[in-house]
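The structure file run_19.cif is reproduced below (mmCIF, C-alpha atoms).
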```cif
data_input
#
loop_
_atom_site.label_atom_id
_atom_site.label_comp_id
_atom_site.auth_asym_id
_atom_site.auth_seq_id
_atom_site.Cartn_x
_atom_site.Cartn_y
_atom_site.Cartn_z
CA MET A 1 20.65 -6.30 5.65
CA THR A 2 19.98 -7.70 2.18
CA GLY A 3 17.24 -6.65 -0.20
CA PRO A 4 14.55 -6.43 -1.13
CA VAL A 5 13.49 -5.30 2.33
CA GLY A 6 9.96 -5.43 3.70
CA ILE A 7 9.06 -2.99 6.49
CA LEU A 8 6.03 -4.13 8.51
CA LEU A 9 4.55 -1.41 10.70
CA VAL A 10 2.38 -3.11 13.33
CA GLU A 11 -0.28 -0.92 14.94
CA ASP A 12 -2.20 -3.71 16.69
CA ASP A 13 -2.32 -7.51 16.68
CA ILE A 14 -5.04 -7.83 14.00
CA GLU A 15 -3.66 -9.94 11.14
CA ALA A 16 -0.10 -9.03 12.05
CA GLN A 17 1.12 -12.60 11.61
CA SER A 18 -0.59 -13.04 8.22
CA ALA A 19 0.94 -9.77 7.00
CA LEU A 20 4.41 -11.00 8.04
CA ASP A 21 3.85 -14.37 6.37
CA HIS A 22 2.71 -12.63 3.18
CA LEU A 23 5.93 -10.61 2.99
CA VAL A 24 7.95 -13.79 3.36
CA ARG A 25 6.00 -15.56 0.60
CA ALA A 26 6.40 -12.54 -1.68
CA GLY A 27 10.17 -13.03 -1.59
CA PHE A 28 11.52 -10.27 0.65
CA LYS A 29 14.99 -11.25 1.89
CA THR A 30 14.85 -9.10 5.02
CA VAL A 31 11.76 -8.08 6.97
CA VAL A 32 11.98 -5.29 9.53
CA VAL A 33 9.07 -5.64 11.95
CA MET A 34 8.31 -2.49 13.90
CA ALA A 35 5.79 -3.44 16.56
CA PRO A 36 4.74 -2.97 20.19
CA GLU A 37 6.31 -5.55 22.48
CA ARG A 38 2.92 -7.05 23.36
CA VAL A 39 2.28 -8.23 19.78
CA ALA A 40 3.40 -11.85 19.46
CA LEU A 41 4.83 -12.87 16.08
CA THR A 42 6.48 -16.03 14.83
CA PRO A 43 9.21 -15.19 12.29
CA ASP A 44 10.15 -17.48 9.42
CA SER A 45 13.62 -18.94 9.93
CA ALA A 46 14.33 -18.77 6.19
CA VAL A 47 14.19 -14.96 6.17
CA ALA A 48 16.14 -12.43 8.21
CA VAL A 49 13.57 -10.82 10.51
CA ILE A 50 14.66 -7.77 12.47
CA ARG A 51 12.26 -6.70 15.20
CA VAL A 52 12.19 -3.15 16.53
CA GLY A 53 9.97 -1.76 19.30
CA TRP A 54 7.56 0.83 17.89
CA ARG A 55 4.23 2.50 18.61
CA ASN A 56 2.36 4.66 16.10
CA GLN A 57 0.96 7.22 18.51
CA SER A 58 1.47 10.53 16.73
CA ARG A 59 1.81 12.09 13.30
CA GLY A 60 5.21 11.70 11.76
CA ARG A 61 5.98 8.34 13.31
CA VAL A 62 5.45 6.39 10.08
CA PRO A 63 7.83 8.41 7.84
CA ASP A 64 10.36 8.57 10.67
CA ALA A 65 10.31 4.78 10.99
CA VAL A 66 10.55 4.11 7.24
CA ASN A 67 13.28 6.71 6.72
CA ALA A 68 15.31 5.26 9.58
CA VAL A 69 15.35 1.85 7.87
CA ALA A 70 16.04 3.40 4.44
CA ARG A 71 19.15 5.15 5.76
CA LYS A 72 20.54 1.78 6.83
CA GLY A 73 20.27 0.31 3.33
CA PRO A 74 21.05 2.82 0.58
CA GLY A 75 20.54 1.27 -2.84
CA LEU A 76 18.20 -1.45 -1.59
CA TRP A 77 14.61 -1.79 -2.74
CA MET A 78 12.13 -1.47 0.12
CA HIS A 79 8.41 -1.88 0.70
CA TYR A 80 6.45 -0.65 3.69
CA CYS A 81 3.01 -1.70 4.84
CA PHE A 82 0.92 -2.04 7.98
CA ASN A 83 -0.57 -5.13 9.62
CA ALA A 84 -3.66 -6.44 7.77
CA GLU A 85 -2.13 -5.20 4.50
CA TYR A 86 -0.91 -7.39 1.65
CA LEU A 87 1.22 -6.48 -1.38
CA PHE A 88 0.09 -7.86 -4.74
CA PHE A 89 1.98 -7.30 -7.99
CA PRO A 90 1.49 -8.70 -11.50
CA PHE A 91 2.02 -12.47 -11.61
CA CYS A 92 3.00 -12.62 -7.93
CA GLU A 93 1.71 -16.19 -7.69
CA THR A 94 4.60 -17.45 -9.83
CA ARG A 95 7.24 -14.72 -9.52
CA LYS A 96 9.04 -13.16 -6.58
CA VAL A 97 9.20 -9.49 -5.78
CA GLY A 98 12.95 -9.44 -6.47
CA GLU A 99 12.35 -10.51 -10.08
CA MET A 100 9.86 -7.71 -10.61
CA LEU A 101 12.11 -5.10 -9.04
CA ALA A 102 15.08 -6.22 -11.14
CA PHE A 103 13.01 -5.54 -14.26
CA HIS A 104 11.77 -2.23 -12.86
CA THR A 105 15.36 -1.18 -12.18
CA GLU A 106 16.32 -1.99 -15.77
CA GLU A 107 13.63 0.46 -16.84
CA ARG A 108 15.50 3.14 -14.87
CA ARG A 109 12.81 3.42 -12.23
CA ALA A 110 13.61 3.95 -8.54
CA ALA A 111 10.06 3.80 -7.16
CA MET A 112 6.74 2.13 -7.92
CA LEU A 113 3.22 3.45 -7.49
CA THR A 114 0.91 1.20 -5.50
CA TYR A 115 -2.84 1.58 -5.10
CA VAL A 116 -4.22 0.91 -1.63
CA VAL A 117 -7.26 -1.25 -2.33
CA ASP A 118 -9.66 -1.31 0.62
CA LEU A 119 -10.75 -4.73 1.86
CA TYR A 120 -13.66 -5.27 4.24
CA ALA A 121 -15.56 -8.13 5.82
CA GLU A 122 -18.92 -9.13 4.39
CA ASP A 123 -20.51 -8.80 7.85
CA ILE A 124 -18.92 -6.13 10.05
CA SER A 125 -21.10 -6.84 13.08
CA THR A 126 -18.29 -9.00 14.46
CA GLY A 127 -15.42 -6.91 13.07
CA ALA A 128 -14.29 -5.28 9.85
CA VAL A 129 -11.46 -7.74 9.20
CA CYS A 130 -12.10 -11.24 7.87
CA ARG A 131 -9.80 -12.78 5.31
CA GLU A 132 -12.29 -15.55 4.50
CA THR A 133 -15.13 -13.15 3.56
CA ALA A 134 -13.02 -10.24 2.30
CA HIS A 135 -14.64 -8.02 -0.32
CA LEU A 136 -13.47 -5.05 -2.36
CA ASP A 137 -15.05 -2.41 -4.57
CA ALA A 138 -15.15 -3.36 -8.26
CA SER A 139 -15.62 0.25 -9.39
CA GLY A 140 -15.62 3.82 -8.15
CA TYR A 141 -11.93 4.54 -8.63
CA TYR A 142 -10.76 7.76 -10.28
CA ALA A 143 -7.80 10.12 -10.53
CA THR A 144 -7.40 13.90 -10.41
CA SER A 145 -4.46 16.07 -11.35
CA ARG A 146 -1.99 16.83 -8.57
CA PRO A 147 -1.32 20.58 -8.39
CA ASP A 148 2.14 21.92 -7.76
CA PRO A 149 2.05 23.58 -4.31
CA VAL A 150 4.00 26.58 -5.67
CA THR A 151 2.52 27.20 -9.12
CA ASN A 152 -0.81 25.37 -8.71
CA TYR A 153 -0.31 23.85 -12.17
CA PRO A 154 -0.67 20.05 -12.57
CA MET A 155 2.58 18.23 -11.91
CA GLU A 156 3.99 16.02 -14.66
CA ARG A 157 3.08 12.32 -14.39
CA GLN A 158 1.63 12.74 -10.91
CA LEU A 159 -2.02 12.11 -10.03
CA ASP A 160 -4.12 11.83 -6.89
CA PHE A 161 -6.09 8.57 -6.87
CA HIS A 162 -9.37 8.02 -5.01
CA GLY A 163 -11.88 5.26 -4.42
CA GLY A 164 -12.86 2.49 -2.06
CA LEU A 165 -14.15 3.11 1.45
CA ARG A 166 -12.43 6.49 1.69
CA TRP A 167 -14.54 7.65 -1.27
CA ARG A 168 -17.85 6.06 -0.27
CA PHE A 169 -17.60 7.26 3.33
CA GLU A 170 -15.67 10.45 2.70
CA GLU A 171 -17.71 12.38 5.27
CA HIS A 172 -15.91 10.35 7.94
CA VAL A 173 -12.42 10.70 6.42
CA PRO A 174 -10.32 13.89 6.63
CA ALA A 175 -9.65 15.37 3.19
CA ASN A 176 -5.89 14.81 3.48
CA ARG A 177 -6.47 11.06 4.16
CA ARG A 178 -8.72 10.21 1.21
CA ARG A 179 -6.07 9.39 -1.41
CA ILE A 180 -5.42 5.73 -2.13
CA ASP A 181 -2.05 6.11 -3.88
CA ARG A 182 1.12 5.23 -2.02
CA ILE A 183 4.70 4.89 -3.22
CA GLY A 184 4.82 1.47 -1.62
CA LEU A 185 8.03 0.28 -3.29
CA PHE A 186 11.11 2.46 -3.49
CA ARG A 187 14.87 2.31 -3.77
CA ALA A 188 16.52 3.84 -0.73
CA ALA A 189 18.81 6.74 -1.57
CA PRO A 190 20.64 9.38 0.48
CA GLY A 191 18.59 12.54 0.81
CA VAL A 192 15.36 10.95 -0.40
CA ASP A 193 12.79 10.83 2.41
CA LEU A 194 9.25 9.57 2.81
CA ARG A 195 6.79 12.30 3.79
CA GLU A 196 3.64 12.20 5.91
CA ASP A 197 1.35 12.06 2.84
CA HIS A 198 3.03 8.87 1.51
CA THR A 199 4.96 10.77 -1.16
CA PHE A 200 8.73 11.26 -1.33
CA SER A 201 10.93 14.35 -1.27
CA GLN A 202 12.28 13.43 -4.73
CA PRO A 203 9.53 14.34 -7.27
CA GLU A 204 10.42 11.59 -9.75
CA TYR A 205 9.70 8.99 -7.06
CA ASN A 206 6.08 10.19 -7.04
CA THR A 207 5.41 9.64 -10.75
CA TYR A 208 3.26 6.77 -11.98
CA SER A 209 5.43 6.05 -15.03
CA CYS A 210 8.42 7.21 -17.02
CA PRO A 211 7.87 9.67 -19.93
CA TRP A 212 8.14 7.12 -22.73
CA HIS A 213 5.81 4.24 -21.77
CA HIS A 214 3.68 2.76 -19.00
CA ASN A 215 5.50 1.14 -16.08
CA LEU A 216 4.60 -1.53 -13.61
CA THR A 217 2.30 -0.67 -10.73
CA ALA A 218 1.22 -2.81 -7.78
CA ALA A 219 -1.56 -2.93 -5.20
CA ILE A 220 -1.63 -3.04 -1.42
CA CYS A 221 -4.83 -4.77 -0.35
CA SER A 222 -5.66 -3.30 3.01
CA PHE A 223 -8.16 -3.69 5.86
CA ARG A 224 -6.78 -0.54 7.48
CA ALA A 225 -9.55 1.86 6.39
CA ALA A 226 -12.23 -0.64 7.37
CA LYS A 227 -10.67 -1.01 10.81
CA ALA A 228 -10.56 2.74 11.30
CA LEU A 229 -14.14 3.36 10.17
CA THR A 230 -15.50 0.70 12.52
CA THR A 231 -13.52 1.82 15.56
CA ASN A 232 -13.43 5.63 15.34
CA ALA A 233 -16.07 7.22 17.51
CA GLY A 234 -17.23 9.56 14.75
CA SER A 235 -18.09 6.79 12.28
CA ARG A 236 -18.63 3.44 13.96
CA TYR A 237 -22.25 4.08 14.91
CA ASP A 238 -23.15 5.45 11.46
CA ILE A 239 -21.99 2.46 9.41
CA SER A 240 -23.82 -0.88 9.55
CA THR A 241 -22.26 -2.44 6.44
CA PHE A 242 -19.59 -1.75 3.84
CA MET A 243 -21.38 -3.82 1.21
CA TRP A 244 -22.91 -2.13 -1.85
CA TYR A 245 -23.97 -3.23 -5.33
CA ARG A 246 -20.40 -3.08 -6.62
CA SER A 247 -18.87 -5.17 -3.83
CA VAL A 248 -17.23 -8.38 -5.03
CA PRO A 249 -15.45 -11.14 -3.11
CA PHE A 250 -11.68 -10.72 -3.07
CA GLU A 251 -10.10 -13.73 -4.75
CA TRP A 252 -6.59 -13.09 -3.34
CA THR A 253 -5.11 -13.21 -6.86
CA SER A 254 -3.17 -10.72 -8.93
CA GLN A 255 -5.30 -11.55 -11.97
CA GLN A 256 -8.44 -10.16 -10.33
CA LEU A 257 -6.64 -6.89 -9.58
CA LEU A 258 -5.31 -6.73 -13.15
CA ASP A 259 -8.79 -7.35 -14.55
CA LEU A 260 -10.20 -4.54 -12.39
CA GLY A 261 -7.48 -2.15 -13.56
CA LEU A 262 -6.03 -1.83 -10.07
CA MET A 263 -2.49 -2.49 -11.21
CA GLU A 264 -0.52 -2.34 -14.44
CA PRO A 265 1.93 -4.95 -15.83
CA GLY A 266 3.64 -2.40 -18.07
CA GLN A 267 6.17 -4.11 -20.33
CA TRP A 268 6.66 -7.05 -17.93
CA PHE A 269 5.15 -10.35 -19.03
#
```
Encoding of this model in structure tokens:
Amino acid sequence: MTGPVGILLVEDDIEAQSALDHLVRAGFKTVVVMAPERVALTPDSAVAVIRVGWRNQSRGRVPDAVNAVARKGPGLWMHYCFNAEYLFFPFCETRKVGEMLAFHTEERRAAMLTYVVDLYAEDISTGAVCRETAHLDASGYYATSRPDPVTNYPMERQLDFHGGLRWRFEEHVPANRRRIDRIGLFRAAPGVDLREDHTFSQPEYNTYSCPWHHNLTAAICSFRAAKALTTNAGSRYDISTFMWYRSVPFEWTSQQLLDLGLMEPGQWF
């Protein structure tokens, strides 16, 4: 297995192929696809694609799956996402993910904060997922201090980020599922494990930057929340549209995300 490694966790067949194709275009050298056998996917022959049977049926399955791959490639950079999710990073139209991670490594960073930016179809009467009419929220994002579970004091360089559909429809989202921050890129290391809340057992992995200047961040543009809100019994009959006055069409460019403040180029130009 050569890096960087993309881990695609497939929960259903909705936009599974486009998520795989996006990882290939981003420049991942190996893609580990964890998916039910019934989901048909066509791998790209130019990239090593490893397929593993997997079903996300209970809590703990996601960190178990990611940690299992991480233990096979210590020292390699890895990214994990679900189907209908797409990684964007600064200047990704002209640069590959390996170039960005090489720079990030030179800055002595072993993980990168990613914001999960909710995408949703303009008209959800026929489904919440539509790449052609995808929209996102142009505002409504905010951060709160992350308290230390032992001392209850704010932890250094760690914040809880909120916004998007999980914020606007929070009455339908459990409190422990409302954060939109995820350590979506990390360097696998012995003894460092992903946890259920998308943070890592090593505290420094969970920081948004180093102490001396701002670092790169990225975004994972995701239809996952929209899918859940339109299929869960407790919410699907209460929501007729995701559109509001701050909805804007998603342009599928890193520049739009940079302009909205949804990722940070740091010192990388």
task = Name the residues in contact with A:Asn67 at a cut-off of 9 Å, using only C-alpha atoms, excluding same-chain residues fewer than 6 positions from it; report them as JSON, numbers by chain.
result = {"A": [188, 192, 193, 194]}
inquiry  = as a ChimeraX atom specification, please: the residues near A:Phe269 (cut-off 12 Å, all atoms listed in the file, same-chain neighbours under 6 positions excluded).
reply    = /A:89-92,94-95,99-100,103,215-216
Picked residues, the PyMOL selection byres ((chain A and resi 154-168) around 7), expected as a PyMOL selection string = chain A and resi 117-118+137+140-148+152-153+169-170+173+178-181+206-209+225
File dump, residues just selected, C-alpha atoms, as an mmCIF file, in the coordinates of the input:
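Everything below was put into out-v2.cif:
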```cif
data_model
loop_
_atom_site.group_PDB
_atom_site.id
_atom_site.type_symbol
_atom_site.label_atom_id
_atom_site.label_comp_id
_atom_site.auth_asym_id
_atom_site.auth_seq_id
_atom_site.Cartn_x
_atom_site.Cartn_y
_atom_site.Cartn_z
ATOM 1 C CA VAL A 117 -7.260 -1.250 -2.330
ATOM 2 C CA ASP A 118 -9.660 -1.310 0.620
ATOM 3 C CA ASP A 137 -15.050 -2.410 -4.570
ATOM 4 C CA GLY A 140 -15.620 3.820 -8.150
ATOM 5 C CA TYR A 141 -11.930 4.540 -8.630
ATOM 6 C CA TYR A 142 -10.760 7.760 -10.280
ATOM 7 C CA ALA A 143 -7.800 10.120 -10.530
ATOM 8 C CA THR A 144 -7.400 13.900 -10.410
ATOM 9 C CA SER A 145 -4.460 16.070 -11.350
ATOM 10 C CA ARG A 146 -1.990 16.830 -8.570
ATOM 11 C CA PRO A 147 -1.320 20.580 -8.390
ATOM 12 C CA ASP A 148 2.140 21.920 -7.760
ATOM 13 C CA ASN A 152 -0.810 25.370 -8.710
ATOM 14 C CA TYR A 153 -0.310 23.850 -12.170
ATOM 15 C CA PHE A 169 -17.600 7.260 3.330
ATOM 16 C CA GLU A 170 -15.670 10.450 2.700
ATOM 17 C CA VAL A 173 -12.420 10.700 6.420
ATOM 18 C CA ARG A 178 -8.720 10.210 1.210
ATOM 19 C CA ARG A 179 -6.070 9.390 -1.410
ATOM 20 C CA ILE A 180 -5.420 5.730 -2.130
ATOM 21 C CA ASP A 181 -2.050 6.110 -3.880
ATOM 22 C CA ASN A 206 6.080 10.190 -7.040
ATOM 23 C CA THR A 207 5.410 9.640 -10.750
ATOM 24 C CA TYR A 208 3.260 6.770 -11.980
ATOM 25 C CA SER A 209 5.430 6.050 -15.030
ATOM 26 C CA ALA A 225 -9.550 1.860 6.390
#
```
What would the selection look like, as an mmCIF file with C-alpha atoms, in the coordinates of the input, if the PyMOL selection byres ((chain A and resi 123) around 10) were run on the coordinates I just shared?
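So the final result, stored in out.cif, reads:
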```cif
data_model
loop_
_atom_site.group_PDB
_atom_site.id
_atom_site.type_symbol
_atom_site.label_atom_id
_atom_site.label_comp_id
_atom_site.auth_asym_id
_atom_site.auth_seq_id
_atom_site.Cartn_x
_atom_site.Cartn_y
_atom_site.Cartn_z
ATOM 1 C CA TYR A 120 -13.660 -5.270 4.240
ATOM 2 C CA ALA A 121 -15.560 -8.130 5.820
ATOM 3 C CA GLU A 122 -18.920 -9.130 4.390
ATOM 4 C CA ILE A 124 -18.920 -6.130 10.050
ATOM 5 C CA SER A 125 -21.100 -6.840 13.080
ATOM 6 C CA THR A 126 -18.290 -9.000 14.460
ATOM 7 C CA GLY A 127 -15.420 -6.910 13.070
ATOM 8 C CA ALA A 128 -14.290 -5.280 9.850
ATOM 9 C CA VAL A 129 -11.460 -7.740 9.200
ATOM 10 C CA CYS A 130 -12.100 -11.240 7.870
ATOM 11 C CA THR A 133 -15.130 -13.150 3.560
ATOM 12 C CA ALA A 134 -13.020 -10.240 2.300
ATOM 13 C CA SER A 240 -23.820 -0.880 9.550
ATOM 14 C CA THR A 241 -22.260 -2.440 6.440
ATOM 15 C CA PHE A 242 -19.590 -1.750 3.840
ATOM 16 C CA MET A 243 -21.380 -3.820 1.210
#
```
request  = List, as a PyMOL selection string, every residue that the PyMOL selection byres ((chain A and resi 26-41) around 6) selects in the file provided.
outcome  = chain A and resi 3-10+13+17+23-25+42+47-55+96-97
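Between atom CA of A:Met1 and atom CA of A:Val69 the interatomic distance comes to 10.0 Å.
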request  = Find the distance between atom CA of A:Phe200 and atom CA of A:Ser222 and write it in Å to one decimal.
outcome  = 20.9 Å
request  = Find the distance between atom CA of A:His214 and atom CA of A:Phe82 and write it in Å to one decimal.
outcome  =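 Going from atom CA of A:His214 over to atom CA of A:Phe82 covers 27.5 Å.
With distances taken over all atoms listed in the file, A:Trp212 is the one residue among A:Trp212, A:Tyr86, A:Tyr245, A:Phe250 lying closest to A:Gln267.
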request  = Have a look at A:His104, A:Glu196, A:Trp244, A:His172 and name the one nearest to A:Ala228; count all atoms listed in the file.
outcome  =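 Of A:His104, A:Glu196, A:Trp244, A:His172, the one nearest A:Ala228 is A:His172, counting all atoms listed in the file.
Each of A:Tyr80, A:Arg236, A:Ala46, A:Thr114 was compared to A:Leu257 using only C-alpha atoms, and A:Thr114 turns out to be the nearest.
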query = Using all atoms listed in the file, which of A:Asn56, A:Pro63, A:Trp252, A:Leu76 sits nearest A:Ala189?
reply =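 Smallest distance to A:Ala189 is found for A:Leu76.
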Nearest to A:Thr253 by atom-to-atom distance, counting all atoms listed in the file, from A:Arg177, A:Ala102, A:Ala219, A:Pro74 =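 Checking each of A:Arg177, A:Ala102, A:Ala219, A:Pro74 against A:Thr253, counting all atoms listed in the file, the winner is A:Ala219.
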